[in-house]
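Worksheet for the structure shown next.
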Amino acid sequence: MTLIKNHIFCTEDLCAYYGDFMAIKHVTVKIPEKKVTAVMGPSGCGKTTFIRCLNRLHELTPGAKITGKIYLRDQDILKMDPIVVRRKVGMVFQRPNPFPTMTIYENVLAGYKLLGIRLPKKEANRIVEDALKKAALWDEVKDVLHRRGTFLSGGQQQRLCIARALAVKPEVLLMDEPTSALDPKATLQIENLIVELKRTVTIIIVTHNMPQAGRISDYTAFFYLGELIEFGPTAEVFTNPKDPRTEEYLTGKFS
Amino acid sequence: MKNSYPARENWRRLKNKIILGIITLLALIPTLPLFLILFQLLHKGLSSLSIDFFLHLPAPPGEPGGGIANAICGTLIIVGLATLIGVPISIMAGIYLSEYGKESKLAHAVRISADVLQGVPSIVIGIVAYAWVVRPMGHFSALSGSVALALMMIPVVVRTTEEVLKLVPDILREASLALGIPYWRTVLKVVLPTGMVGVTTGILIAIARIAGETAPLLFTAFGNQFMTLNPIEPMNALPLVIFNYATSPYEDWWQQAWGASIVLVFMVLALNILSRILARRIAGEK
Amino acid sequence: MPTPKELPKNLYRQIKYDIAFRKLATGTGIFVIILVIAAFFTLVYESWPAIKTYGLKFLWRTTWDPVTLEFGALPFLVGTLITSFLSLAIATPFALAGAIFLGELAPAKVANPVSFVIELLAGIPSVIYGLWALFYLVPLVRSFEMKIGAPPYGLGLFTASLVLAIMILPYALSVARDVISLVPQDLKEAAYGLGATRWETIRHVVLPYARSGILAGIVLALGRALGETMAVTMVIGNRSAMPQSIWDLANTMASVIANEFTEATEDLHLAALVEIGLLLFVITVIVNLVARIFIVKTKVK
């Protein structure tokens, strides 16, 4: 933990609630920049809630509340407008969710189009190509850009969603179990993509899948019943966990 | 005892057959008047249709010929104007119910109001539109008829809009919000377009419902023997023609009432069938 | 807070629009409530001269004479009640039988197209039912009246009830059929499994399960019958006196408004007509709220 030099996210005493239920308990953590951080833990431990705090989607749930501080670089995002936060912190969801009414091209540009920003044709083309290339989807869809994305396979749809998130050039990309709805081949493609992407963007990925976390992440945060019980370089957490509960989870005692 | 068992069993079977037979008979009897209506409508109506009927204005009583051009235009204008007034209000209120109000007390009050409005008899809606528009303007007008019809349209479109928008999956809203798109643009550019086919279906059903309404037009649009396209003036409409001609003492006019009915029924059925096709398309997409 | 350069310029304006849109949507919702309340108070205001003159007595006064300016609503209340309940009594058995037939007995090949036609019939404007009744039903009723020795008007309460029955039938039928189709298949199969006949299954499983939904359908149909105007106006005979029998010429609340509203020149006459509209408003609101309670009950199951 001491080895980390640059932090992009830094939470202080972060608590998140659903009504009276406390889903995240006093989490203080620093997330390193341009690395892949895996968020792990048994079901219902607050992994998803945690990353939904980081782009302020959590508060959309009726009765939800956040206390504490979340710094994105030096700005407290809880004091910023959520719209501004979400421009900087993109998200990819568990199930692929391209907009069904839009073409592939429009989906990639959704971050601009939906905001009513008109881009010059050239720039728009460049952004689309750039984002789709980054998402390793360009070669597969470059001839069908103006068709609706609904005919794509699950893995392609998920990469389209990644391209859509990348197109607005976020600093952080949150991923909520992005491969849990995909087959092994599509999962592998996305994993390779994640490793590739960390050169340009910080990735925080929630995952259930231990080997996956081992393959792709540099750091691992381990949550248990809403508490962050362990955080450190993945290799260290996996081989030499400090908390007995982490060890129990890693050895498959509970899940 | 031994003999009574099969006897009871037979009686049960017989009873089953008798009652099911009666039910079938009862179910078939009402189709008779309904088919009679359709048959007589076609029989009487089609014979009075001609090109002149569509293109000409009404002839004075007693003179043969004449058409319902003004009433067809009038219905299109009055219903079109009602749609222009009613649809934006309805869609916004539907958006409120599905996206903002949800289970709040205010939202429930809006739902109950819409239900109440839907139950208000059309003749009473006519009185209200008379008091709100005709009285202040000092004369009957197409506009007042449109206001009355818009009032009838609102509850239908509000509730279908709400239902349809609720069916749009939350993960699409989140996808948009996570891109930093404000909620209002998410609603207008993602949620509404995704539910647009359903909303359109609701609008078509509502238009089909109001297009044949007569009672609210009696003392608003009022009727007019001449052609007018000005919504500030009294205007004729197909349902008014049917009512006025049917209750007149002239045989030609009765004939024309049947002709106007065929035109009106055709319009209403076309809208209904169109809305069904759209509804089926939504069902197919799922 | 500094605006980072890479953020779109209009982002901060969007935040304001977001609030404005929320207010606009909420305002439109409130507007719908206001429309209904305003409609109610408009009716009260417009009928005030009559309310002031007659008070509650308006409800049971039997004279309605625009010439001597004597107004009472009882003949129309009676007319509306008779036509509504008579039509309901005629239509309900057929509607119920039709719903059972389409929902339980007929094969899908027959049921689907028939349901389709019935729903289209429910969409035919009431003025067309009125037209048909005027030219086909009225002569039929007249010859029937001659046979039984009733005054052979052809028009009147009975004819109006018949048209109403025909009009509300498709409506009540499709509501009842929808409810019957909601009865879970496994419940019915359980009954058949016990050796019940088809009728016994319908009688003891389907109908009890669908009861409140069917009642809702009947009450909704009643709401329609109460407010139905055009078809009734065309065949009821337009006579504003207390009806003595179902063969009499009469008026319903809706038909007297339709007939006299544009001809009313005296303020009191107009106010009395509006007051009848107000009564109709109140009655239908109550009926619809009752139906709503039944529908909620159905959904709870």
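Convention: chains lettered A, B, ... in structure tokens order; per-chain residue numbering from 1; ligands numbered from 1 as shown.
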Compute the chain A side of the contact with chain B at 6 Å, counting only C-alpha atoms, and hand it back as a list in words.
-> Ile83, Arg86, Arg87, Met91, Gly111 and Leu115 of chain A
Could the residues of chain A within 12 Å of chain C, counting only C-alpha atoms, be given as a list in words, please?
->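 The contacting residues on chain A are Asp74, Gln75, Asp76, Ile77, Lys79, Met80, Asp81, Pro82, Ile83, Val84, Val85, Arg86, Arg87, Lys88, Gly111, Tyr112, Lys113, Leu114, Leu115, Gly116, Ile117, Arg118, Leu119, Val168, Lys169, Pro170 and Glu171 of chain A.
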Considering only C-alpha atoms, return as a ChimeraX atom specification whatever protein or nucleic-acid residues lie within 7 Å of range 20-35 of chain A, sequence-local ones (same chain, fewer than 6 positions apart) excluded.
-> /A:4,6-14,46,50,198-203,218,226-228
All residues 12 Å or closer to Leu109 in chain A, only C-alpha atoms, same chain fewer than 4 positions away omitted, as a count of residues only = 37
Extract the full set of helix (DSSP H, G or I) residues from range 194-237 of chain B according to DSSP on the backbone, and format it as a ChimeraX atom specification.
-> /B:194,196-211,215-218
Using only C-alpha atoms, the shortest atom-to-atom distance to Glu230 in chain A among A:Val206, A:Leu78, A:Met175, A:Gly41 belongs to A:Gly41
Residue neighbourhood Pro151 in chain C, 12 Å, only C-alpha atoms, exclusion window fewer than 5 positions, as a list in words |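 The filter keeps Val141, Arg142, Ser143, Phe144, Glu145, Met146, Gly156, Phe158, Gln244, Ser245, Ile246, Trp247, Asp248 and Leu249 of chain C.
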Please return as an MDAnalysis selection string: the residues of range 11-239 of chain A that backbone DSSP assigns to strand (DSSP E).
-> chainID A and resid 11:18 21:32 36:40 64:72 75:76 89:92 172:176 202:206 219:224 227:233
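Using only C-alpha atoms, the residues found no farther than 9 Å from Ala186 in chain A, other than those of its own chain fewer than 4 positions away, are Gly154, Gly155, Gln156, Thr179, Leu182, Ile190 and Glu191 of chain A.
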Go ahead and write the selection's residues with all heavy atoms as an mmCIF file, in the first residue's frame.
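again-v4.cif was written with the following content:
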```cif
data_model
loop_
_atom_site.group_PDB
_atom_site.id
_atom_site.type_symbol
_atom_site.label_atom_id
_atom_site.label_comp_id
_atom_site.auth_asym_id
_atom_site.auth_seq_id
_atom_site.Cartn_x
_atom_site.Cartn_y
_atom_site.Cartn_z
ATOM 1 N N GLY A 154 -23.522 -10.783 -27.339
ATOM 2 C CA GLY A 154 -23.396 -10.213 -25.997
ATOM 3 C C GLY A 154 -22.040 -9.571 -25.773
ATOM 4 O O GLY A 154 -21.937 -8.463 -25.267
ATOM 5 N N GLY A 155 -20.971 -10.297 -26.180
ATOM 6 C CA GLY A 155 -19.623 -9.760 -25.982
ATOM 7 C C GLY A 155 -19.400 -8.499 -26.796
ATOM 8 O O GLY A 155 -18.802 -7.532 -26.317
ATOM 9 N N GLN A 156 -19.916 -8.508 -28.040
ATOM 10 C CA GLN A 156 -19.774 -7.307 -28.884
ATOM 11 C C GLN A 156 -20.549 -6.141 -28.297
ATOM 12 O O GLN A 156 -20.080 -5.005 -28.285
ATOM 13 C CB GLN A 156 -20.264 -7.621 -30.303
ATOM 14 C CG GLN A 156 -19.320 -8.530 -31.064
ATOM 15 C CD GLN A 156 -19.910 -8.953 -32.396
ATOM 16 O OE1 GLN A 156 -21.113 -9.212 -32.484
ATOM 17 N NE2 GLN A 156 -19.075 -9.016 -33.421
ATOM 18 N N THR A 179 -18.243 -9.148 -17.232
ATOM 19 C CA THR A 179 -18.234 -10.382 -18.017
ATOM 20 C C THR A 179 -19.171 -11.438 -17.465
ATOM 21 O O THR A 179 -19.208 -12.551 -17.971
ATOM 22 C CB THR A 179 -16.804 -10.974 -18.051
ATOM 23 O OG1 THR A 179 -16.405 -11.252 -16.709
ATOM 24 C CG2 THR A 179 -15.829 -10.019 -18.686
ATOM 25 N N LEU A 182 -21.417 -13.078 -19.971
ATOM 26 C CA LEU A 182 -20.804 -13.442 -21.254
ATOM 27 C C LEU A 182 -20.204 -14.849 -21.230
ATOM 28 O O LEU A 182 -19.903 -15.395 -20.172
ATOM 29 C CB LEU A 182 -19.690 -12.443 -21.591
ATOM 30 C CG LEU A 182 -20.105 -10.967 -21.632
ATOM 31 C CD1 LEU A 182 -18.911 -10.115 -21.996
ATOM 32 C CD2 LEU A 182 -21.246 -10.741 -22.597
ATOM 33 N N ILE A 190 -12.628 -9.403 -23.339
ATOM 34 C CA ILE A 190 -12.792 -8.225 -22.493
ATOM 35 C C ILE A 190 -11.628 -8.117 -21.505
ATOM 36 O O ILE A 190 -11.118 -7.034 -21.247
ATOM 37 C CB ILE A 190 -14.149 -8.294 -21.748
ATOM 38 C CG1 ILE A 190 -15.277 -8.413 -22.772
ATOM 39 C CG2 ILE A 190 -14.323 -7.111 -20.807
ATOM 40 C CD1 ILE A 190 -16.245 -7.317 -22.845
ATOM 41 N N GLU A 191 -11.198 -9.259 -20.993
ATOM 42 C CA GLU A 191 -10.069 -9.218 -20.053
ATOM 43 C C GLU A 191 -8.817 -8.647 -20.731
ATOM 44 O O GLU A 191 -8.132 -7.785 -20.168
ATOM 45 C CB GLU A 191 -9.780 -10.632 -19.526
ATOM 46 C CG GLU A 191 -10.771 -11.074 -18.472
ATOM 47 C CD GLU A 191 -10.455 -12.466 -17.935
ATOM 48 O OE1 GLU A 191 -9.366 -13.005 -18.245
ATOM 49 O OE2 GLU A 191 -11.293 -13.004 -17.200
#
```
All residues 12 Å or closer to range 41-45 of chain C, only C-alpha atoms, same chain fewer than 3 positions away omitted, as an mmCIF file with all heavy atoms, in the first residue's frame:
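To be explicit, this is the file written out as around_17.cif:
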```
data_model
loop_
_atom_site.group_PDB
_atom_site.id
_atom_site.type_symbol
_atom_site.label_atom_id
_atom_site.label_comp_id
_atom_site.auth_asym_id
_atom_site.auth_seq_id
_atom_site.Cartn_x
_atom_site.Cartn_y
_atom_site.Cartn_z
ATOM 1 N N VAL B 124 -70.943 15.982 -20.295
ATOM 2 C CA VAL B 124 -70.525 16.889 -19.225
ATOM 3 C C VAL B 124 -69.234 17.600 -19.615
ATOM 4 O O VAL B 124 -69.063 18.801 -19.355
ATOM 5 C CB VAL B 124 -70.362 16.114 -17.895
ATOM 6 C CG1 VAL B 124 -69.903 17.040 -16.795
ATOM 7 C CG2 VAL B 124 -71.668 15.442 -17.514
ATOM 8 N N ILE B 125 -68.329 16.866 -20.263
ATOM 9 C CA ILE B 125 -67.111 17.493 -20.783
ATOM 10 C C ILE B 125 -67.503 18.635 -21.722
ATOM 11 O O ILE B 125 -66.888 19.706 -21.735
ATOM 12 C CB ILE B 125 -66.262 16.451 -21.564
ATOM 13 C CG1 ILE B 125 -65.803 15.335 -20.644
ATOM 14 C CG2 ILE B 125 -65.098 17.123 -22.275
ATOM 15 C CD1 ILE B 125 -64.599 15.615 -19.811
ATOM 16 N N GLY B 126 -68.561 18.392 -22.520
ATOM 17 C CA GLY B 126 -69.052 19.431 -23.435
ATOM 18 C C GLY B 126 -69.480 20.692 -22.687
ATOM 19 O O GLY B 126 -69.161 21.805 -23.098
ATOM 20 N N ILE B 127 -70.181 20.503 -21.570
ATOM 21 C CA ILE B 127 -70.607 21.667 -20.779
ATOM 22 C C ILE B 127 -69.386 22.441 -20.283
ATOM 23 O O ILE B 127 -69.333 23.670 -20.349
ATOM 24 C CB ILE B 127 -71.456 21.227 -19.556
ATOM 25 C CG1 ILE B 127 -72.722 20.508 -20.014
ATOM 26 C CG2 ILE B 127 -71.816 22.439 -18.694
ATOM 27 C CD1 ILE B 127 -73.590 20.032 -18.849
ATOM 28 N N VAL B 128 -68.385 21.698 -19.797
ATOM 29 C CA VAL B 128 -67.181 22.343 -19.260
ATOM 30 C C VAL B 128 -66.481 23.156 -20.353
ATOM 31 O O VAL B 128 -66.105 24.318 -20.146
ATOM 32 C CB VAL B 128 -66.236 21.278 -18.653
ATOM 33 C CG1 VAL B 128 -64.902 21.898 -18.276
ATOM 34 C CG2 VAL B 128 -66.878 20.625 -17.437
ATOM 35 N N ALA B 129 -66.317 22.534 -21.539
ATOM 36 C CA ALA B 129 -65.657 23.248 -22.634
ATOM 37 C C ALA B 129 -66.489 24.465 -23.047
ATOM 38 O O ALA B 129 -65.942 25.518 -23.403
ATOM 39 C CB ALA B 129 -65.444 22.315 -23.825
ATOM 40 N N TYR B 130 -67.816 24.334 -22.975
ATOM 41 C CA TYR B 130 -68.692 25.477 -23.272
ATOM 42 C C TYR B 130 -68.387 26.622 -22.314
ATOM 43 O O TYR B 130 -68.212 27.774 -22.714
ATOM 44 C CB TYR B 130 -70.148 25.040 -23.143
ATOM 45 C CG TYR B 130 -71.151 26.149 -23.332
ATOM 46 C CD1 TYR B 130 -71.602 26.487 -24.607
ATOM 47 C CD2 TYR B 130 -71.643 26.870 -22.245
ATOM 48 C CE1 TYR B 130 -72.523 27.504 -24.795
ATOM 49 C CE2 TYR B 130 -72.555 27.897 -22.412
ATOM 50 C CZ TYR B 130 -72.992 28.205 -23.694
ATOM 51 O OH TYR B 130 -73.899 29.225 -23.867
ATOM 52 N N ALA B 131 -68.295 26.288 -21.019
ATOM 53 C CA ALA B 131 -68.058 27.329 -20.017
ATOM 54 C C ALA B 131 -66.658 27.924 -20.142
ATOM 55 O O ALA B 131 -66.459 29.111 -19.904
ATOM 56 C CB ALA B 131 -68.255 26.752 -18.611
ATOM 57 N N TRP B 132 -65.684 27.096 -20.515
ATOM 58 C CA TRP B 132 -64.304 27.577 -20.570
ATOM 59 C C TRP B 132 -63.971 28.326 -21.846
ATOM 60 O O TRP B 132 -63.155 29.231 -21.843
ATOM 61 C CB TRP B 132 -63.322 26.406 -20.420
ATOM 62 C CG TRP B 132 -63.265 25.859 -19.026
ATOM 63 C CD1 TRP B 132 -63.902 26.371 -17.921
ATOM 64 C CD2 TRP B 132 -62.557 24.704 -18.576
ATOM 65 N NE1 TRP B 132 -63.623 25.595 -16.828
ATOM 66 C CE2 TRP B 132 -62.800 24.565 -17.192
ATOM 67 C CE3 TRP B 132 -61.721 23.767 -19.207
ATOM 68 C CZ2 TRP B 132 -62.247 23.537 -16.435
ATOM 69 C CZ3 TRP B 132 -61.185 22.743 -18.449
ATOM 70 C CH2 TRP B 132 -61.442 22.628 -17.076
ATOM 71 N N VAL B 133 -64.564 27.904 -22.977
ATOM 72 C CA VAL B 133 -64.145 28.490 -24.254
ATOM 73 C C VAL B 133 -65.287 29.238 -24.955
ATOM 74 O O VAL B 133 -65.125 30.386 -25.362
ATOM 75 C CB VAL B 133 -63.550 27.420 -25.197
ATOM 76 C CG1 VAL B 133 -62.979 28.085 -26.442
ATOM 77 C CG2 VAL B 133 -62.473 26.605 -24.493
ATOM 78 N N ARG B 135 -68.266 30.399 -23.895
ATOM 79 C CA ARG B 135 -68.766 31.548 -23.149
ATOM 80 C C ARG B 135 -67.823 32.757 -23.250
ATOM 81 O O ARG B 135 -68.250 33.829 -23.687
ATOM 82 C CB ARG B 135 -69.011 31.129 -21.702
ATOM 83 C CG ARG B 135 -69.553 32.170 -20.775
ATOM 84 C CD ARG B 135 -71.034 32.505 -20.971
ATOM 85 N NE ARG B 135 -71.962 31.421 -20.725
ATOM 86 C CZ ARG B 135 -72.250 30.938 -19.518
ATOM 87 N NH1 ARG B 135 -71.660 31.401 -18.450
ATOM 88 N NH2 ARG B 135 -73.126 29.988 -19.387
ATOM 89 N N ILE C 34 -55.698 19.874 -11.456
ATOM 90 C CA ILE C 34 -56.425 21.146 -11.492
ATOM 91 C C ILE C 34 -57.569 21.090 -12.503
ATOM 92 O O ILE C 34 -58.667 21.585 -12.249
ATOM 93 C CB ILE C 34 -55.454 22.309 -11.827
ATOM 94 C CG1 ILE C 34 -54.497 22.517 -10.652
ATOM 95 C CG2 ILE C 34 -56.227 23.592 -12.127
ATOM 96 C CD1 ILE C 34 -53.419 23.541 -10.919
ATOM 97 N N LEU C 35 -57.315 20.458 -13.666
ATOM 98 C CA LEU C 35 -58.361 20.344 -14.699
ATOM 99 C C LEU C 35 -59.624 19.732 -14.113
ATOM 100 O O LEU C 35 -60.734 20.224 -14.331
ATOM 101 C CB LEU C 35 -57.873 19.455 -15.838
ATOM 102 C CG LEU C 35 -57.024 20.071 -16.940
ATOM 103 C CD1 LEU C 35 -56.685 19.007 -17.968
ATOM 104 C CD2 LEU C 35 -57.751 21.232 -17.592
ATOM 105 N N VAL C 36 -59.431 18.648 -13.354
ATOM 106 C CA VAL C 36 -60.589 17.929 -12.826
ATOM 107 C C VAL C 36 -61.308 18.776 -11.769
ATOM 108 O O VAL C 36 -62.535 18.906 -11.795
ATOM 109 C CB VAL C 36 -60.153 16.563 -12.247
ATOM 110 C CG1 VAL C 36 -61.316 15.877 -11.578
ATOM 111 C CG2 VAL C 36 -59.574 15.697 -13.348
ATOM 112 N N ILE C 37 -60.502 19.366 -10.869
ATOM 113 C CA ILE C 37 -61.115 20.195 -9.833
ATOM 114 C C ILE C 37 -61.803 21.399 -10.472
ATOM 115 O O ILE C 37 -62.934 21.758 -10.111
ATOM 116 C CB ILE C 37 -60.041 20.639 -8.814
ATOM 117 C CG1 ILE C 37 -59.482 19.409 -8.092
ATOM 118 C CG2 ILE C 37 -60.611 21.646 -7.824
ATOM 119 C CD1 ILE C 37 -58.313 19.709 -7.187
ATOM 120 N N ALA C 38 -61.130 22.005 -11.451
ATOM 121 C CA ALA C 38 -61.708 23.176 -12.116
ATOM 122 C C ALA C 38 -62.996 22.795 -12.839
ATOM 123 O O ALA C 38 -63.977 23.554 -12.830
ATOM 124 C CB ALA C 38 -60.699 23.773 -13.089
ATOM 125 N N TRP C 48 -75.094 27.483 -10.259
ATOM 126 C CA TRP C 48 -75.427 28.143 -9.010
ATOM 127 C C TRP C 48 -76.843 28.729 -8.958
ATOM 128 O O TRP C 48 -77.544 28.545 -7.952
ATOM 129 C CB TRP C 48 -74.374 29.207 -8.667
ATOM 130 C CG TRP C 48 -74.487 29.630 -7.241
ATOM 131 C CD1 TRP C 48 -74.875 30.855 -6.774
ATOM 132 C CD2 TRP C 48 -74.266 28.819 -6.083
ATOM 133 N NE1 TRP C 48 -74.888 30.866 -5.406
ATOM 134 C CE2 TRP C 48 -74.533 29.624 -4.948
ATOM 135 C CE3 TRP C 48 -73.891 27.490 -5.885
ATOM 136 C CZ2 TRP C 48 -74.423 29.142 -3.646
ATOM 137 C CZ3 TRP C 48 -73.774 27.015 -4.598
ATOM 138 C CH2 TRP C 48 -74.046 27.837 -3.498
ATOM 139 N N PRO C 49 -77.294 29.405 -10.027
ATOM 140 C CA PRO C 49 -78.668 29.950 -9.963
ATOM 141 C C PRO C 49 -79.710 28.876 -9.642
ATOM 142 O O PRO C 49 -80.619 29.099 -8.838
ATOM 143 C CB PRO C 49 -78.892 30.509 -11.369
ATOM 144 C CG PRO C 49 -77.528 30.814 -11.872
ATOM 145 C CD PRO C 49 -76.617 29.782 -11.264
ATOM 146 N N ALA C 50 -79.531 27.685 -10.222
ATOM 147 C CA ALA C 50 -80.502 26.609 -9.958
ATOM 148 C C ALA C 50 -80.325 26.053 -8.551
ATOM 149 O O ALA C 50 -81.308 25.784 -7.852
ATOM 150 C CB ALA C 50 -80.323 25.491 -10.991
ATOM 151 N N ILE C 51 -79.069 25.896 -8.132
ATOM 152 C CA ILE C 51 -78.814 25.383 -6.777
ATOM 153 C C ILE C 51 -79.428 26.328 -5.753
ATOM 154 O O ILE C 51 -80.087 25.919 -4.790
ATOM 155 C CB ILE C 51 -77.296 25.218 -6.538
ATOM 156 C CG1 ILE C 51 -76.717 24.166 -7.483
ATOM 157 C CG2 ILE C 51 -77.014 24.844 -5.085
ATOM 158 C CD1 ILE C 51 -75.211 24.031 -7.418
ATOM 159 N N LYS C 52 -79.234 27.628 -6.000
ATOM 160 C CA LYS C 52 -79.730 28.645 -5.071
ATOM 161 C C LYS C 52 -81.263 28.630 -5.036
ATOM 162 O O LYS C 52 -81.868 28.752 -3.974
ATOM 163 C CB LYS C 52 -79.220 30.028 -5.528
ATOM 164 C CG LYS C 52 -79.066 31.017 -4.385
ATOM 165 C CD LYS C 52 -78.414 32.300 -4.905
ATOM 166 C CE LYS C 52 -79.205 32.899 -6.056
ATOM 167 N NZ LYS C 52 -78.531 34.071 -6.660
ATOM 168 N N LEU C 270 -80.643 27.151 -18.208
ATOM 169 C CA LEU C 270 -79.272 26.717 -18.468
ATOM 170 C C LEU C 270 -78.637 26.185 -17.182
ATOM 171 O O LEU C 270 -78.001 25.127 -17.162
ATOM 172 C CB LEU C 270 -78.460 27.890 -19.019
ATOM 173 C CG LEU C 270 -77.212 27.529 -19.804
ATOM 174 C CD1 LEU C 270 -77.579 26.749 -21.061
ATOM 175 C CD2 LEU C 270 -76.431 28.782 -20.177
ATOM 176 N N ALA C 271 -78.853 26.935 -16.080
ATOM 177 C CA ALA C 271 -78.259 26.538 -14.806
ATOM 178 C C ALA C 271 -78.808 25.185 -14.358
ATOM 179 O O ALA C 271 -78.070 24.335 -13.852
ATOM 180 C CB ALA C 271 -78.526 27.591 -13.738
ATOM 181 N N ALA C 272 -80.114 24.962 -14.584
ATOM 182 C CA ALA C 272 -80.707 23.683 -14.196
ATOM 183 C C ALA C 272 -80.102 22.549 -15.021
ATOM 184 O O ALA C 272 -79.820 21.469 -14.496
ATOM 185 C CB ALA C 272 -82.218 23.730 -14.384
ATOM 186 N N LEU C 273 -79.875 22.810 -16.318
ATOM 187 C CA LEU C 273 -79.246 21.783 -17.159
ATOM 188 C C LEU C 273 -77.829 21.479 -16.690
ATOM 189 O O LEU C 273 -77.410 20.319 -16.619
ATOM 190 C CB LEU C 273 -79.228 22.246 -18.627
ATOM 191 C CG LEU C 273 -80.571 22.222 -19.344
ATOM 192 C CD1 LEU C 273 -80.477 22.955 -20.672
ATOM 193 C CD2 LEU C 273 -81.028 20.778 -19.568
ATOM 194 N N VAL C 274 -77.091 22.552 -16.337
ATOM 195 C CA VAL C 274 -75.726 22.330 -15.860
ATOM 196 C C VAL C 274 -75.753 21.560 -14.546
ATOM 197 O O VAL C 274 -74.915 20.687 -14.302
ATOM 198 C CB VAL C 274 -74.968 23.667 -15.699
ATOM 199 C CG1 VAL C 274 -73.570 23.424 -15.158
ATOM 200 C CG2 VAL C 274 -74.895 24.405 -17.016
ATOM 201 N N GLU C 275 -76.756 21.862 -13.716
ATOM 202 C CA GLU C 275 -76.825 21.140 -12.442
ATOM 203 C C GLU C 275 -77.054 19.644 -12.682
ATOM 204 O O GLU C 275 -76.509 18.802 -11.967
ATOM 205 C CB GLU C 275 -77.922 21.704 -11.530
ATOM 206 C CG GLU C 275 -77.804 21.127 -10.126
ATOM 207 C CD GLU C 275 -78.792 21.702 -9.122
ATOM 208 O OE1 GLU C 275 -79.470 22.697 -9.453
ATOM 209 O OE2 GLU C 275 -78.880 21.159 -8.015
ATOM 210 N N ILE C 276 -77.835 19.331 -13.703
ATOM 211 C CA ILE C 276 -77.996 17.910 -14.042
ATOM 212 C C ILE C 276 -76.663 17.315 -14.481
ATOM 213 O O ILE C 276 -76.303 16.191 -14.105
ATOM 214 C CB ILE C 276 -79.083 17.754 -15.120
ATOM 215 C CG1 ILE C 276 -80.444 18.019 -14.459
ATOM 216 C CG2 ILE C 276 -79.054 16.369 -15.743
ATOM 217 C CD1 ILE C 276 -81.586 18.034 -15.406
ATOM 218 N N GLY C 277 -75.893 18.117 -15.232
ATOM 219 C CA GLY C 277 -74.544 17.677 -15.607
ATOM 220 C C GLY C 277 -73.679 17.443 -14.379
ATOM 221 O O GLY C 277 -72.927 16.474 -14.305
ATOM 222 N N LEU C 278 -73.812 18.356 -13.408
ATOM 223 C CA LEU C 278 -73.049 18.227 -12.166
ATOM 224 C C LEU C 278 -73.409 16.930 -11.440
ATOM 225 O O LEU C 278 -72.537 16.191 -10.976
ATOM 226 C CB LEU C 278 -73.339 19.440 -11.275
ATOM 227 C CG LEU C 278 -72.712 19.461 -9.888
ATOM 228 C CD1 LEU C 278 -71.196 19.521 -9.980
ATOM 229 C CD2 LEU C 278 -73.225 20.661 -9.092
ATOM 230 N N LEU C 279 -74.719 16.646 -11.372
ATOM 231 C CA LEU C 279 -75.162 15.395 -10.738
ATOM 232 C C LEU C 279 -74.574 14.181 -11.451
ATOM 233 O O LEU C 279 -74.076 13.247 -10.822
ATOM 234 C CB LEU C 279 -76.687 15.295 -10.767
ATOM 235 C CG LEU C 279 -77.458 16.229 -9.837
ATOM 236 C CD1 LEU C 279 -78.950 16.133 -10.125
ATOM 237 C CD2 LEU C 279 -77.178 15.878 -8.389
ATOM 238 N N LEU C 280 -74.602 14.258 -12.776
ATOM 239 C CA LEU C 280 -74.078 13.157 -13.578
ATOM 240 C C LEU C 280 -72.589 12.969 -13.305
ATOM 241 O O LEU C 280 -72.100 11.849 -13.151
ATOM 242 C CB LEU C 280 -74.325 13.492 -15.057
ATOM 243 C CG LEU C 280 -74.373 12.370 -16.074
ATOM 244 C CD1 LEU C 280 -75.292 11.261 -15.632
ATOM 245 C CD2 LEU C 280 -74.801 12.936 -17.420
ATOM 246 N N PHE C 281 -71.887 14.086 -13.218
ATOM 247 C CA PHE C 281 -70.460 14.079 -12.908
ATOM 248 C C PHE C 281 -70.225 13.352 -11.590
ATOM 249 O O PHE C 281 -69.432 12.411 -11.497
ATOM 250 C CB PHE C 281 -69.971 15.535 -12.829
ATOM 251 C CG PHE C 281 -68.491 15.708 -12.543
ATOM 252 C CD1 PHE C 281 -67.623 16.063 -13.559
ATOM 253 C CD2 PHE C 281 -67.986 15.573 -11.257
ATOM 254 C CE1 PHE C 281 -66.276 16.254 -13.309
ATOM 255 C CE2 PHE C 281 -66.643 15.759 -10.999
ATOM 256 C CZ PHE C 281 -65.783 16.101 -12.025
ATOM 257 N N VAL C 282 -70.945 13.775 -10.555
ATOM 258 C CA VAL C 282 -70.755 13.202 -9.223
ATOM 259 C C VAL C 282 -71.067 11.705 -9.223
ATOM 260 O O VAL C 282 -70.294 10.887 -8.711
ATOM 261 C CB VAL C 282 -71.625 13.944 -8.187
ATOM 262 C CG1 VAL C 282 -71.554 13.246 -6.833
ATOM 263 C CG2 VAL C 282 -71.171 15.392 -8.062
#
```
Chain C residues within 7 Å of chain B, counting only C-alpha atoms: which ones, as a ChimeraX atom specification?
-> /C:14-15,18,21,25-26,28-30,32-33,36,39,42-43,94,97-98,101,120,123-125,127-128,131-132,197-199,227-230,254,258,262,277,281,284-285,288
